[in-house]
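J.: If it helps, the file is called target_22.txt and holds compact mmCIF, C-alpha atoms:
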# COMPACT_ATOMS: atom_id res chain seq x y z
CA MET A 1 103.35 83.86 117.41
CA THR A 2 101.97 87.06 118.90
CA LYS A 3 98.50 87.46 120.31
CA HIS A 4 97.41 89.10 117.04
CA ASP A 5 98.54 86.44 114.56
CA TRP A 6 97.04 83.29 116.10
CA PHE A 7 94.73 83.12 113.08
CA SER A 8 97.55 82.75 110.55
CA SER A 9 97.49 78.96 110.63
CA GLY A 10 94.79 76.32 110.99
CA THR A 11 91.12 76.17 110.03
CA PHE A 12 88.46 77.80 112.18
CA ILE A 13 84.71 77.17 112.35
CA LEU A 14 82.67 80.37 112.46
CA ASP A 15 79.02 80.79 113.45
CA GLY A 16 75.89 80.94 111.29
CA GLY A 17 73.07 83.39 110.70
CA TRP A 18 71.87 85.58 113.55
CA GLY A 19 68.78 87.31 112.19
CA THR A 20 66.61 84.23 111.86
CA GLN A 21 67.76 82.96 115.25
CA LEU A 22 66.61 86.20 116.86
CA GLN A 23 63.33 85.97 114.95
CA LEU A 24 62.77 82.52 116.42
CA ARG A 25 63.13 84.19 119.81
CA GLY A 26 60.54 86.86 119.07
CA LEU A 27 62.19 89.57 116.98
CA THR A 28 59.47 91.05 114.78
CA THR A 29 59.58 92.50 111.27
CA GLY A 30 60.72 96.10 111.43
CA GLU A 31 62.51 95.77 114.74
CA HIS A 32 66.22 96.58 114.70
CA PRO A 33 67.89 93.41 116.02
CA ASP A 34 70.82 95.29 117.55
CA LEU A 35 68.52 97.10 119.96
CA TRP A 36 67.97 93.73 121.60
CA ASN A 37 71.49 94.01 123.04
CA LEU A 38 69.89 96.36 125.56
CA SER A 39 66.25 95.24 125.70
CA GLN A 40 66.60 91.43 125.36
CA PRO A 41 70.20 90.58 126.31
CA ASP A 42 69.40 87.06 127.48
CA LYS A 43 67.95 86.15 124.10
CA VAL A 44 70.95 87.59 122.25
CA ARG A 45 73.28 85.62 124.53
CA GLU A 46 71.25 82.48 123.77
CA VAL A 47 72.14 82.77 120.08
CA ALA A 48 75.82 83.10 120.86
CA GLU A 49 75.65 80.15 123.24
CA ALA A 50 73.84 78.02 120.65
CA TYR A 51 76.64 78.50 118.14
CA ILE A 52 79.31 77.82 120.75
CA GLN A 53 77.55 74.59 121.70
CA ALA A 54 77.29 73.66 118.01
CA GLY A 55 81.07 73.85 117.65
CA SER A 56 81.99 77.39 116.56
CA ASP A 57 85.57 78.35 117.29
CA ILE A 58 84.71 81.98 116.66
CA ILE A 59 81.37 83.73 117.02
CA LEU A 60 80.29 87.15 115.88
CA THR A 61 78.31 89.84 117.69
CA ASN A 62 74.85 91.33 117.33
CA THR A 63 76.35 94.63 116.14
CA PHE A 64 76.05 94.28 112.37
CA GLY A 65 73.82 97.35 112.06
CA SER A 66 75.07 99.32 115.05
CA ASN A 67 76.32 102.38 113.19
CA ARG A 68 74.75 105.78 113.72
CA PHE A 69 73.08 105.92 110.28
CA LEU A 70 71.08 102.72 110.77
CA LEU A 71 70.43 103.36 114.45
CA ALA A 72 69.07 106.82 113.59
CA ARG A 73 66.18 105.13 111.78
CA HIS A 74 65.10 103.85 115.18
CA GLY A 75 65.92 106.96 117.19
CA ALA A 76 69.00 105.36 118.73
CA GLU A 77 71.86 107.25 117.07
CA ASN A 78 73.02 108.51 120.45
CA ASN A 79 73.34 104.95 121.77
CA VAL A 80 76.06 103.72 119.39
CA ALA A 81 78.64 103.06 122.08
CA GLU A 82 76.19 101.47 124.51
CA ILE A 83 74.72 99.08 121.91
CA ASN A 84 78.07 98.01 120.48
CA ARG A 85 79.67 97.47 123.85
CA ALA A 86 76.71 95.41 125.03
CA GLY A 87 76.81 93.30 121.87
CA VAL A 88 80.47 92.43 122.36
CA ARG A 89 79.98 91.66 126.05
CA LEU A 90 77.11 89.26 125.34
CA SER A 91 79.10 87.23 122.82
CA LYS A 92 82.19 87.28 125.03
CA ASP A 93 80.15 86.00 127.96
CA ALA A 94 79.18 82.97 125.87
CA ALA A 95 82.59 82.47 124.29
CA GLN A 96 84.66 82.70 127.47
CA GLN A 97 82.73 79.84 129.05
CA GLN A 98 84.16 77.52 126.39
CA ASN A 99 87.42 79.37 125.69
CA ARG A 100 86.29 80.49 122.23
CA ARG A 101 86.89 83.80 120.46
CA VAL A 102 84.73 86.71 119.31
CA PHE A 103 84.98 88.84 116.18
CA ALA A 104 82.73 91.90 116.39
CA ALA A 105 80.62 92.57 113.30
CA ILE A 106 80.53 95.84 111.39
CA GLY A 107 78.10 95.86 108.47
CA PRO A 108 77.25 98.42 105.78
CA SER A 109 76.22 101.90 106.84
CA GLY A 110 72.88 101.83 105.06
CA VAL A 111 73.79 104.92 103.02
CA MET A 112 75.48 104.97 99.62
CA LEU A 113 78.56 107.04 98.92
CA MET A 114 77.61 107.31 95.26
CA SER A 115 74.28 108.92 96.20
CA GLY A 116 76.08 111.98 97.51
CA THR A 117 74.02 112.03 100.72
CA VAL A 118 77.10 111.24 102.80
CA THR A 119 80.77 112.13 102.41
CA PRO A 120 83.67 109.72 102.83
CA ASP A 121 84.74 111.61 105.94
CA GLU A 122 81.27 111.27 107.48
CA LEU A 123 81.17 107.57 106.69
CA TYR A 124 84.64 107.02 108.11
CA ALA A 125 83.68 108.88 111.29
CA ALA A 126 80.63 106.63 111.76
CA PHE A 127 82.69 103.46 111.33
CA LEU A 128 85.36 104.83 113.66
CA GLU A 129 82.76 105.57 116.32
CA GLN A 130 81.49 101.99 116.10
CA ALA A 131 84.95 100.41 116.01
CA GLU A 132 86.17 102.36 119.02
CA ALA A 133 83.14 101.29 121.06
CA ILE A 134 83.68 97.67 120.04
CA ALA A 135 87.35 97.79 120.96
CA GLU A 136 86.58 98.95 124.49
CA GLU A 137 85.22 95.48 125.25
CA GLY A 138 88.28 93.66 123.89
CA PRO A 139 87.09 91.18 121.24
CA ALA A 140 89.64 89.02 119.44
CA GLY A 141 89.01 90.93 116.22
CA ILE A 142 86.59 92.84 114.02
CA VAL A 143 84.92 91.62 110.84
CA VAL A 144 83.76 94.15 108.27
CA GLU A 145 81.18 92.11 106.38
CA THR A 146 78.45 92.06 103.74
CA MET A 147 80.02 94.94 101.84
CA SER A 148 79.00 95.59 98.23
CA ASP A 149 80.85 98.87 97.66
CA PRO A 150 84.64 98.50 97.98
CA ALA A 151 84.99 102.21 98.73
CA GLU A 152 82.77 101.81 101.79
CA ALA A 153 84.56 98.61 102.79
CA VAL A 154 87.94 100.36 102.62
CA LEU A 155 86.71 103.15 104.91
CA ALA A 156 85.36 100.62 107.40
CA VAL A 157 88.58 98.60 107.38
CA LYS A 158 90.72 101.68 107.90
CA ALA A 159 88.53 102.75 110.82
CA ALA A 160 88.64 99.27 112.36
CA LYS A 161 92.42 99.09 111.98
CA THR A 162 92.88 102.11 114.26
CA THR A 163 91.87 99.89 117.19
CA GLY A 164 94.92 97.64 116.81
CA LEU A 165 92.67 94.58 116.53
CA PRO A 166 92.92 92.06 113.66
CA VAL A 167 90.43 92.95 110.94
CA ALA A 168 88.67 90.60 108.53
CA ALA A 169 87.05 92.18 105.47
CA CYS A 170 84.32 90.45 103.43
CA MET A 171 82.54 91.41 100.24
CA VAL A 172 79.26 90.11 98.77
CA PHE A 173 79.66 88.49 95.36
CA ASP A 174 76.18 88.09 93.90
CA THR A 175 76.25 89.86 90.54
CA GLY A 176 77.18 88.94 86.97
CA LYS A 177 76.63 85.82 84.90
CA ASN A 178 78.76 83.74 87.26
CA LYS A 179 77.87 85.68 90.45
CA ASP A 180 81.53 86.54 90.83
CA ARG A 181 81.25 90.32 91.14
CA THR A 182 79.91 92.66 93.75
CA MET A 183 77.01 95.00 93.09
CA MET A 184 79.61 97.60 92.08
CA GLY A 185 81.26 95.22 89.62
CA THR A 186 84.27 94.38 91.79
CA THR A 187 85.96 91.03 91.10
CA PRO A 188 87.49 88.80 93.82
CA GLU A 189 90.97 89.79 92.67
CA GLU A 190 90.16 93.50 92.81
CA ALA A 191 88.59 93.10 96.25
CA VAL A 192 91.71 91.38 97.56
CA GLU A 193 93.91 94.17 96.21
CA GLN A 194 91.81 96.99 97.65
CA LEU A 195 91.11 95.41 101.05
CA THR A 196 94.74 94.40 101.50
CA ALA A 197 95.85 97.94 100.71
CA ALA A 198 93.38 99.20 103.34
CA GLY A 199 95.10 97.01 105.94
CA ALA A 200 92.84 93.97 106.26
CA ASP A 201 94.48 91.02 108.00
CA ILE A 202 91.94 88.49 106.68
CA ILE A 203 90.11 88.63 103.35
CA GLY A 204 86.87 86.97 102.38
CA ALA A 205 83.28 86.84 101.24
CA ASN A 206 79.90 86.34 102.86
CA CYS A 207 76.23 86.21 101.94
CA GLY A 208 74.88 86.64 98.41
CA GLN A 209 74.71 83.01 97.28
CA GLY A 210 75.05 79.38 98.26
CA ILE A 211 78.26 77.69 99.28
CA GLU A 212 78.95 76.09 95.89
CA GLY A 213 79.47 79.55 94.40
CA PHE A 214 82.00 80.41 97.07
CA ILE A 215 84.43 77.70 95.97
CA PRO A 216 85.63 79.39 92.75
CA ILE A 217 85.67 82.77 94.50
CA CYS A 218 87.87 81.31 97.23
CA ARG A 219 90.22 79.77 94.65
CA ARG A 220 90.58 83.11 92.90
CA MET A 221 91.30 84.91 96.16
CA ARG A 222 93.83 82.31 97.21
CA ALA A 223 95.61 82.67 93.87
CA VAL A 224 96.38 86.33 94.60
CA THR A 225 96.90 86.45 98.38
CA ALA A 226 98.69 84.65 101.18
CA LEU A 227 96.38 86.20 103.78
CA PRO A 228 93.91 83.97 105.63
CA ILE A 229 90.56 83.66 103.83
CA TRP A 230 87.14 83.96 105.52
CA MET A 231 84.05 82.40 103.89
CA LYS A 232 80.45 82.56 105.15
CA ALA A 233 77.95 81.31 102.57
CA ASN A 234 74.17 81.17 102.57
CA ALA A 235 72.29 77.88 102.85
CA GLY A 236 71.64 77.79 99.12
CA LEU A 237 69.19 80.02 97.29
CA PRO A 238 66.00 80.91 99.17
CA GLU A 239 62.42 80.27 98.13
CA VAL A 240 59.94 82.91 99.25
CA VAL A 241 57.06 81.25 101.08
CA GLY A 242 54.51 83.77 102.23
CA ASP A 243 56.60 86.61 103.62
CA LYS A 244 59.59 84.47 104.59
CA ALA A 245 62.69 83.23 102.80
CA VAL A 246 63.01 79.45 103.12
CA TYR A 247 66.34 77.73 102.54
CA HIS A 248 66.29 74.10 101.47
CA GLN A 249 69.96 73.09 101.49
CA THR A 250 70.61 70.56 104.25
CA PRO A 251 73.33 70.97 106.86
CA GLU A 252 75.01 67.80 105.54
CA THR A 253 75.19 69.11 101.96
CA PHE A 254 76.47 72.45 103.22
CA ALA A 255 79.21 70.74 105.24
CA SER A 256 80.21 68.57 102.29
CA SER A 257 80.79 71.64 100.12
CA ALA A 258 82.68 73.28 102.98
CA ARG A 259 85.34 70.59 102.67
CA GLU A 260 85.88 71.77 99.10
CA LEU A 261 86.24 75.32 100.42
CA VAL A 262 89.09 74.20 102.66
CA LEU A 263 90.80 72.60 99.67
CA ALA A 264 90.29 75.88 97.80
CA GLY A 265 92.21 77.70 100.53
CA ALA A 266 89.68 78.86 103.11
CA ASN A 267 90.87 79.24 106.71
CA PHE A 268 87.64 80.45 108.32
CA ILE A 269 84.34 78.80 107.37
CA GLY A 270 80.85 79.49 108.65
CA GLY A 271 77.36 80.28 107.48
CA CYS A 272 75.29 83.33 106.64
CA CYS A 273 71.59 83.63 105.73
CA GLY A 274 69.57 80.47 106.28
CA THR A 275 72.22 78.68 108.33
CA THR A 276 71.52 77.63 111.91
CA PRO A 277 73.40 75.90 114.74
CA GLU A 278 72.64 72.60 112.97
CA TYR A 279 74.72 73.72 109.99
CA ILE A 280 77.61 74.69 112.24
CA LYS A 281 77.39 71.37 114.05
CA ALA A 282 77.64 69.60 110.68
CA LEU A 283 80.64 71.76 109.76
CA ALA A 284 82.40 71.03 113.04
CA SER A 285 81.71 67.30 112.72
CA SER A 286 83.11 67.12 109.21
CA ARG A 287 86.53 68.58 109.79
Step by step, read the file and then write its structure as structure tokens.

T.:
Amino acid sequence: MTKHDWFSSGTFILDGGWGTQLQLRGLTTGEHPDLWNLSQPDKVREVAEAYIQAGSDIILTNTFGSNRFLLARHGAENNVAEINRAGVRLSKDAAQQQNRRVFAAIGPSGVMLMSGTVTPDELYAAFLEQAEAIAEEGPAGIVVETMSDPAEAVLAVKAAKTTGLPVAACMVFDTGKNKDRTMMGTTPEEAVEQLTAAGADIIGANCGQGIEGFIPICRRMRAVTALPIWMKANAGLPEVVGDKAVYHQTPETFASSARELVLAGANFIGGCCGTTPEYIKALASSR
């Protein structure tokens, strides 16, 4: 087994949501969380450490929105490299203390190809800029996540693959009668085909719905691929209370459904919106 295919066997516990954890530490509405990599590094590191202590084998980075399009909304488009490198370093600092691994997060660009405001070449260049900065800090891999448009996901995966790092690619399935399609109408089978062709080493889904809905999606992916599968579900469906989304699913119920995900073929399991270190602790305790 080479250093780049360690993930091809076994089951790995991922981390949970980051946004709400940063909010608990003072991040305010309208602030770009990734800017905290520079302004509040200790608090960002605290989130990574909390997930490591909860039992995560792999944690992500606070770089989800660190592409030049999203950073430009906060006047930080010239700080892409600095913000991404800092984000990877902070998670690696936490992970190395417990001999855990880091996958650096690349999220959507915030602009839509179909709108015509950006070209595929421009989008690819932005993802490449982010991926190259990430790679300079040597994470174990990159995860392209929360993608709704497969065309954008393919560009991001291709950019990430130039680094030589393993790349996980995850779509959001939250549309259709059975919530088994992306916003663009892509099915799990179509996503597997397109992301595999782009070069993804790991295929999966995150966000969009609760963990119960991920089980049939995982089964369908497993039926058409031998690649490892990555699943990060929300803590059920949220209820809006005031100006906040409140998730009511308990960590224990979440972990119970996660066992069904393993049976459905998942190799990487963690949480997305609404999940906390308590959910990851329940996951780690149940395996």

J.: Name all residues at most 6 Å from Ala233 (chain A) (count all atoms listed in the file; drop same-chain ones fewer than 3 positions away) and give them as a compact mmCIF listing (two decimals) with C-alpha atoms, keeping the file's coordinate frame.

T.:
# COMPACT_ATOMS: atom_id res chain seq x y z
CA ASN A 206 79.90 86.34 102.86
CA CYS A 207 76.23 86.21 101.94
CA GLY A 210 75.05 79.38 98.26
CA ILE A 211 78.26 77.69 99.28
CA GLY A 271 77.36 80.28 107.48
CA CYS A 272 75.29 83.33 106.64

J.: Between A:Ile13, A:Ile106, A:Ala95, A:Ala131, which residue has the minimum interatomic distance to Ser56 (chain A), considering only C-alpha atoms?

T.: A:Ile13

J.: Need to verify the contact set: region 145-161 of chain A, 9 Å, all atoms listed in the file, exclusion of same-chain residues closer than 6 positions in sequence. Can you return it as a ChimeraX atom specification?

T.: /A:64,105-109,112-113,120-121,123-132,135,167-173,182-186,191,194-195,197-200,204-208

J.: Tell me which protein, DNA and RNA residues are within 12 Å of His32 (chain A), counting all atoms listed in the file, leaving out same-chain ones fewer than 5 positions away, and put them as a list in words.

T.: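 Near neighbours after the sequence-gap exclusion: Gly19, Leu22, Gln23, Leu27, Asn37, Leu38, Ser39, Gln40, Asn62, Thr63, Phe64, Gly65, Ser66, Asn67, Leu70, Leu71, Ala72, Arg73, His74, Gly75, Ala76 and Ile83 of chain A.
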
J.: Quick one, how far is CA of Thr117 (chain A) from CA of Asn78 (chain A)?

T.: 20.1 Å

J.: When distances are computed from only C-alpha atoms, which of A:Gly274, A:Asn234, A:Thr162, A:Thr29 shows the smallest separation from Val246 (chain A)?

T.: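 Selected residue with least distance to Val246 (chain A): A:Gly274.
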
J.: State, in Å with one decimal place, the distance from CA of Pro166 (chain A) to CA of Ala140 (chain A).

T.: 7.3 Å

J.: Using all atoms listed in the file, can you tell me which of A:Gln96, A:Thr20, A:Ser286, A:Gln53 comes closest to Tyr247 (chain A)?

T.: A:Thr20

J.: Taking (92.9, 75.2, 104.9) in the file's coordinates, which residues come within 12 Å, counting all atoms listed in the file, written as a list in words?

T.: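 Residues with an atom close enough to that point: Phe7, Ser8, Ser9, Gly10, Thr11, Phe12, Ile13, Cys218, Arg219, Arg222, Ala226, Leu227, Pro228, Ile229, Trp230, Met231, Ala258, Arg259, Glu260, Leu261, Val262, Leu263, Ala264, Gly265, Ala266, Asn267, Phe268, Ile269 and Arg287 of chain A.
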
J.: So which one's closest to Tyr51 (chain A), A:Glu137, A:Glu252, A:Asp15, A:Glu239? Using all atoms listed in the file, please.

T.: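 Among the listed residues, A:Asp15 lies closest to Tyr51 (chain A).
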
J.: From the list A:His248, A:Arg85, A:Arg101, A:Lys232, which residue is nearest Ile280 (chain A) when using all atoms listed in the file?

T.: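 Among the listed residues, A:Lys232 lies closest to Ile280 (chain A).
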
J.: Tell me, in Å to one decimal, how far CA of Lys281 (chain A) is from CA of Ala54 (chain A).

T.: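 Between these atoms lies a distance of 4.6 Å.
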
J.: So, counting all atoms listed in the file, which residue among A:Gln97, A:Asp174, A:Pro216, A:Ile134 is closest to Leu237 (chain A)?

T.: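 Once distances to Leu237 (chain A) are computed over all atoms listed in the file, the minimum belongs to A:Asp174.
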
J.: Tell me, as a list in words, which residues lie within 7 Å of Ala104 (chain A), counting only C-alpha atoms; anything in the same chain fewer than 3 positions away does not count.

T.: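 So the residues in contact are Leu60, Thr61, Thr63, Val88, Ile134, Pro139, Gly141, Ile142 and Val143 of chain A.
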
J.: Taking the structure I provided as the source, export region 104-159 of chain A with C-alpha atoms, as a PDB file, in the first residue's frame.

T.:
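Contents of decode12.pdb, freshly written:
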ATOM      1  CA  ALA A 104      -8.556  20.197   3.138  1.00  0.00           C
ATOM      2  CA  ALA A 105     -12.001  21.470   2.147  1.00  0.00           C
ATOM      3  CA  ILE A 106     -12.846  23.116  -1.164  1.00  0.00           C
ATOM      4  CA  GLY A 107     -16.460  24.266  -1.440  1.00  0.00           C
ATOM      5  CA  PRO A 108     -18.493  25.856  -4.230  1.00  0.00           C
ATOM      6  CA  SER A 109     -17.217  29.032  -5.839  1.00  0.00           C
ATOM      7  CA  GLY A 110     -20.318  31.074  -5.081  1.00  0.00           C
ATOM      8  CA  VAL A 111     -20.842  31.825  -8.787  1.00  0.00           C
ATOM      9  CA  MET A 112     -22.914  29.790 -11.226  1.00  0.00           C
ATOM     10  CA  LEU A 113     -21.554  28.599 -14.540  1.00  0.00           C
ATOM     11  CA  MET A 114     -25.032  28.624 -16.047  1.00  0.00           C
ATOM     12  CA  SER A 115     -25.396  32.332 -15.243  1.00  0.00           C
ATOM     13  CA  GLY A 116     -22.683  33.189 -17.737  1.00  0.00           C
ATOM     14  CA  THR A 117     -20.913  35.517 -15.287  1.00  0.00           C
ATOM     15  CA  VAL A 118     -17.903  33.207 -15.142  1.00  0.00           C
ATOM     16  CA  THR A 119     -16.286  30.913 -17.701  1.00  0.00           C
ATOM     17  CA  PRO A 120     -15.173  27.343 -17.052  1.00  0.00           C
ATOM     18  CA  ASP A 121     -11.563  28.444 -17.471  1.00  0.00           C
ATOM     19  CA  GLU A 122     -11.974  31.193 -14.869  1.00  0.00           C
ATOM     20  CA  LEU A 123     -13.604  28.791 -12.442  1.00  0.00           C
ATOM     21  CA  TYR A 124     -10.908  26.183 -12.970  1.00  0.00           C
ATOM     22  CA  ALA A 125      -8.211  28.801 -12.390  1.00  0.00           C
ATOM     23  CA  ALA A 126      -9.806  29.799  -9.072  1.00  0.00           C
ATOM     24  CA  PHE A 127      -9.992  26.201  -7.875  1.00  0.00           C
ATOM     25  CA  LEU A 128      -6.421  25.586  -9.031  1.00  0.00           C
ATOM     26  CA  GLU A 129      -5.201  28.628  -7.098  1.00  0.00           C
ATOM     27  CA  GLN A 130      -6.872  27.306  -3.944  1.00  0.00           C
ATOM     28  CA  ALA A 131      -5.716  23.711  -4.423  1.00  0.00           C
ATOM     29  CA  GLU A 132      -2.106  24.708  -5.006  1.00  0.00           C
ATOM     30  CA  ALA A 133      -2.072  26.801  -1.821  1.00  0.00           C
ATOM     31  CA  ILE A 134      -3.585  23.913   0.135  1.00  0.00           C
ATOM     32  CA  ALA A 135      -1.049  21.450  -1.231  1.00  0.00           C
ATOM     33  CA  GLU A 136       1.870  23.576  -0.051  1.00  0.00           C
ATOM     34  CA  GLU A 137       1.004  22.621   3.534  1.00  0.00           C
ATOM     35  CA  GLY A 138       0.842  18.887   2.810  1.00  0.00           C
ATOM     36  CA  PRO A 139      -2.583  17.627   3.950  1.00  0.00           C
ATOM     37  CA  ALA A 140      -3.447  13.953   3.516  1.00  0.00           C
ATOM     38  CA  GLY A 141      -5.987  14.852   0.853  1.00  0.00           C
ATOM     39  CA  ILE A 142      -8.517  17.326  -0.497  1.00  0.00           C
ATOM     40  CA  VAL A 143     -12.298  17.085  -0.324  1.00  0.00           C
ATOM     41  CA  VAL A 144     -14.391  18.913  -2.901  1.00  0.00           C
ATOM     42  CA  GLU A 145     -17.713  19.146  -1.072  1.00  0.00           C
ATOM     43  CA  THR A 146     -21.243  20.545  -1.026  1.00  0.00           C
ATOM     44  CA  MET A 147     -21.396  20.704  -4.811  1.00  0.00           C
ATOM     45  CA  SER A 148     -24.771  21.025  -6.544  1.00  0.00           C
ATOM     46  CA  ASP A 149     -23.569  21.532 -10.119  1.00  0.00           C
ATOM     47  CA  PRO A 150     -21.613  18.539 -11.459  1.00  0.00           C
ATOM     48  CA  ALA A 151     -19.886  20.747 -14.030  1.00  0.00           C
ATOM     49  CA  GLU A 152     -18.440  22.878 -11.235  1.00  0.00           C
ATOM     50  CA  ALA A 153     -17.541  19.794  -9.210  1.00  0.00           C
ATOM     51  CA  VAL A 154     -15.666  18.305 -12.164  1.00  0.00           C
ATOM     52  CA  LEU A 155     -13.612  21.491 -12.585  1.00  0.00           C
ATOM     53  CA  ALA A 156     -12.767  21.524  -8.880  1.00  0.00           C
ATOM     54  CA  VAL A 157     -11.773  17.849  -8.881  1.00  0.00           C
ATOM     55  CA  LYS A 158      -9.561  18.277 -11.930  1.00  0.00           C
ATOM     56  CA  ALA A 159      -7.851  21.261 -10.307  1.00  0.00           C
TER      57      ALA A 159
END
